[in-house]
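A short worksheet on the structure shown next.
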Amino acid sequence: MRSSAYATLVENDDPAIKMKRPLWLLLLFFPLLAAAAPGDEYILAARAAYRNGERVRLAQALQDLRHQGGEANVLEPWVEYWQLSLRIADAGVADERVAADVNAFLDRQANSYLAEKLRREWLKALGKAGQWQAFQDAYPLLQQPDQELFCYAAESRLVLYQDTAALEALRPQWFAAADLPESCMPLMAQLIASGQISERDIWERIRHLLAARKFDQAEKIAAFLPRHQAPQRKVLLAIAERPRHYLDGSSVSAHLGRLKREMLIYAVERLARIDATVAASEWQKIQGDFPVEERGHVWGQIAMAAARSHLPQALAWYGDADRASLSEEQIAWQARAALRVRDWPALERVIERMPAPLAARPGWIYWRGRAMAAQGRVDAARALYLGISNQANFYGMLAADELGRPLVLPPPAPPPTAQEMAAARDNPGLEGALALIRLGLRIEGVREWNWTLRGMDDRQLLAAAALADVSAVFDRAISTADRTVVQHDYALRYPAPFRELVDPQAKRLALDHGWVYGLMRQESRFVMNAHSGVGAKGLMQLMPRTAQWVAKKIGLKGYRPAEAEQLDTNVELGTHYLSMVLASLGNCPVLASAAYNAGPRRARRWCATKPLEGAIYVETIPFNETRDYVKKVMTNAVYYAALFADKPVSLKNRLGVVAARDDDSSYLP
């Protein structure tokens with residue numbers, strides 16, 4: 001039934017009908033999909049018991065689930081997993097009955113997400129207990145080891161086979177950005193004792209951790225230093241809060257020890273995040289008492305902070321930095337500093353010196369082409385554009401614009417057959433994931449869904465995306481359709497549900513409805529009850545304070561905060577707020593998109609003192625999240641316009657020119 005309804009709608013050539021497909025199917029299928037399934041109450045009771053560590057209640061829920069009659073609930077294996085997880089925590093790996101039950105579950109659930117999840121827990125328990133032979137026997141069956149298990153695997157090879165290569169292979173983990181789990185620490189201690197990780201390497205990791213304000217991790221790493229050289233936590237916290245005060249109160253001489261130098265370096269780096277100009281001034285006063293290498297390191301930090309603040313001195317300060325020690329992030333901001341001031345020769349030089357993997361990213365290929373074109377090397381620029389112009393991303397679209405190619409969507413793949421849809425519907429992993437999402441266990445559902453997609457070809461992916469689509473689980477439809485390699489369905493990648501609510505509201509407020517949908521797709525992936533970590537709610541991810549302010553502004557009488565989660569109210573408040581932001585920022589959608597994510601004051605502050613090309617404004621947004629957000633919103637808008645059969649507008653024209661910074665102090669939350 002689902003596949004026939006899907007096929008009927010996708011085969012219609014009317015773009016308006018095709019784009020309304022998700023809403024039609026939502027109306028047709030959602031009452032059925034949202035209905036409780038037999039045993040749901042026992043699944044939820046079992047989950048609550050698991051989270052609270054209530055073993056007896058969990059066992060009772062499993063018993064009730066098995067004795068309810070009828071077909072087995074697709075989520076019964078999850079209850080078994082929760083029970084086994086608690087038993088591992090209680091008894092460890094020494095209990096033979098636990099080991100037998102774990103192995104039996106792994107056999108029954110072979111190749112499933114739950115088997116991987118339970119095997120990961122079992123291996124961690126084996127590693128913690130030092131049962132290395134049992135660990136080695138089970139580890140090859142794990143498909144996606146994490147860093148904790150990677151370290152346990154290295155230790156097991158070291159203990160069982162004296163494999164020193166396994167220890168040496170861990171050294172790159174020391175320099176990775178991720179926190180080091182406890183399982184890695186004994187091995188890192190061996191690398192330090194053998195001299196494979198030096199004191200300089202220890203301080204390098206401490207610097208990275210302090211920059212991220214990870215004081216607990218920094219304290220753990222500092223324990224590898226001699227006691228008299230390890231920084232005190234209270235000193236680190238004092239510097240983090242008042243770096244200028246620390247610098248003013250410190251005496252500097254030519255005989256500074258390593259610890260004192262590092263604390264002064266940290267203070268200057270913290271100060272640079274507040275005011276790079278002041279930090280540069282302070283560093284110039286004391287840098288003569290530091291080794292050349294450390295001087296270059298600090299200038300690299302000051303220069304990146306200046307580039308993020310759009311200060312014109314950034315490029316000059318990069319000239320004082322130690323080029324060999326610059327991180328990829330610092331190099332990227334050096335390129336953005338050159339771009340911001342339109343110093344095309346400098347931009348090209350920076351990109352040419354980038355590490356090959358960084359320079360090969362589509363963004364730097366595009367900007368290198370722009371730098372070449374600005375210097376008159378048009379043919380060389382075109383060659384670079386051609387290499388990325390077919391990529392379905394922000395830079396691929398901009399490259400196509402430079403080549404004068406209008407956007408043409410790939411022909412839609414044939415819709416899934418009845419057999420393909422049946423296979424997707426009967427896939428236990430997809431079925432279980434949808435059941436978890438229906439019960440509000442979205443995190444678990446998304447993970448099981450993503451795991452199940454591994455190894456699927458385009459036809460299987462399109463069927464899975466269609467299944468998510470008819471189930472009104474639009475975020476899974478989008479991410480699944482995004483994975484196809486040859487056969488594509490952009491109506492699944494860019495669904496447009498709720499048009500009977502959104503379109504009239506957008507028209508009333510004179511908003512480009514392709515842009516509105518592009519923003520909603522990025523905000524919530526059309527998850528109606530989406531909640532962000534900072535409290536934003538609903539389809540348009542409104543903060544409670546913002547929703548309250550907008551409701552008052554538009555005269556929405558009797559508004560209560562809970563209404564912000566209601567679909568119609570969320571759309572009404574979100575589109576009104578978007579309209580207000582757009583009007584306050586000169587009707588510039590690039591600025592309004594940045595403001596919707598990071599706030600209007602920041603979006604305005606990031607403007608230049610002169611008009612700035614929209615693509616350059618976007619590239620030099622200081623916040624990584626906001627920069628990525630604006631790229632995707634504006635790219636989404638182009639695709640939605642094409643799917644809505646609107647008059648096509650190129651991405652470059654949509655980005656336009658961002659006006660010079662104004663002094664508008666009008667308040668918007």
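Labels for the structure tokens follow display order: chains A, B, ..., residues from 1 in each chain, ligands from 1.
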Find the residues near Leu492 in chain A: any atom within 9 Å, counting only C-alpha atoms, skip ones fewer than 6 places away on the same chain, and give them as a list in words.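 That gives Met19, Pro22, Leu462, Ala465, Ala466, Asp469, Phe474, Ala477, Ile478, Thr480, Ala481 and Asp482 of chain A.
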To one decimal place, how far is CA of Ser194 in chain A from CA of Leu225 in chain A in Å? 14.2 Å
With a distance cut-off of 8 Å and only C-alpha atoms, select the neighbouring residues of range 367-381 of chain A, excluding the residue or stretch itself and same-chain residues fewer than 6 positions from it, and output the selection as an NGL selection string. :A and (344-345 or 347-348 or 351)
Just how far from CA of Arg654 in chain A is CA of Gly518 in chain A, in Å to one decimal? 12.7 Å
Determine, counting only C-alpha atoms, which protein, DNA and RNA residues have an atom within 12 Å of an atom of Glu619 in chain A; residues of the same chain fewer than 2 positions away are not included. Present the result as an MDAnalysis selection string. chainID A and resid 307:308 310 332:333 335:340 363:364 366:367 394:395 590 594 606:607 612:617 621:631 655
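For the choices A:Ala104, A:Leu573, A:Leu430, A:Ala48, the atom-to-atom distance to Ile554 in chain A is smallest for A:Leu573 when using only C-alpha atoms.
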Please identify the strand (DSSP E or B) residues within range 484-566 of chain A (assignment by DSSP from backbone atoms) and present them as an NGL selection string. :A and (488 or 531 or 537 or 542)
Quick one: write out the picked residues with C-alpha atoms as a PDB file, in the first residue's frame?
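Generated file (part-v8.pdb):
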ATOM      1  CA  HIS A 488      19.065  10.479  -7.287  1.00  0.00           C
ATOM      2  CA  HIS A 531      14.563  20.306  20.670  1.00  0.00           C
ATOM      3  CA  LYS A 537      11.989  24.160  19.698  1.00  0.00           C
ATOM      4  CA  LEU A 542      12.557  29.033  18.131  1.00  0.00           C
TER       5      LEU A 542
END
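Candidate residues A:Leu326, A:Val408, A:Asp275, A:Arg258 were compared for distance to Trp299 in chain A, and the nearest is A:Leu326, using only C-alpha atoms.
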Using only C-alpha atoms, determine which residues lie at most 10 Å from Leu62 in chain A, disregarding the query and same-chain residues fewer than 6 positions distant; provide the list as number ranges by chain. A: 39, 42-43, 45-46, 76-80, 83
Taking only C-alpha atoms into account, which of A:Glu402, A:Glu448, A:Asp64, A:Glu352 comes nearest Gly429 in chain A?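 Closest residue, counting only C-alpha atoms: A:Glu448.
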Which polymer residues have any atom within 6 Å of an atom of range 178-188 of chain A, counting only C-alpha atoms, with same-chain residues fewer than 3 positions away left out, as a PDB file with N, CA and C atoms, in the first residue's frame?
ATOM      1  N   GLU A 148      38.629   4.261  22.586  1.00  0.00           N
ATOM      2  CA  GLU A 148      38.862   3.481  23.800  1.00  0.00           C
ATOM      3  C   GLU A 148      39.225   2.042  23.456  1.00  0.00           C
ATOM      4  N   CYS A 151      42.695   1.595  21.822  1.00  0.00           N
ATOM      5  CA  CYS A 151      43.796   1.527  22.793  1.00  0.00           C
ATOM      6  C   CYS A 151      43.834   0.180  23.499  1.00  0.00           C
ATOM      7  N   LEU A 191      54.835   5.453  25.994  1.00  0.00           N
ATOM      8  CA  LEU A 191      55.417   6.235  24.900  1.00  0.00           C
ATOM      9  C   LEU A 191      56.245   7.401  25.441  1.00  0.00           C
TER      10      LEU A 191
END
Per-residue DSSP, range 208-456 of chain A, filtered to helix (DSSP H, G or I), as an MDAnalysis selection string: chainID A and resid 208:211 215:222 227:229 233:241 243:248 258:274 276:289 292:308 314:319 323:325 328:340 344:353 356:359 362:374 378:388 394:402 418:425 428:438 442:452
Report, in Å with one decimal, the straight-line distance from CA of Arg525 in chain A to CA of Leu539 in chain A.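 Atom-to-atom, CA of Arg525 in chain A and CA of Leu539 in chain A are spaced 7.8 Å apart.
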Using only C-alpha atoms for the distances, tell me which of A:Val581, A:Lys214, A:Ala37, A:Ala125 is nearest to Leu439 in chain A.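 That would be A:Ala37, the residue with the smallest distance to Leu439 in chain A.
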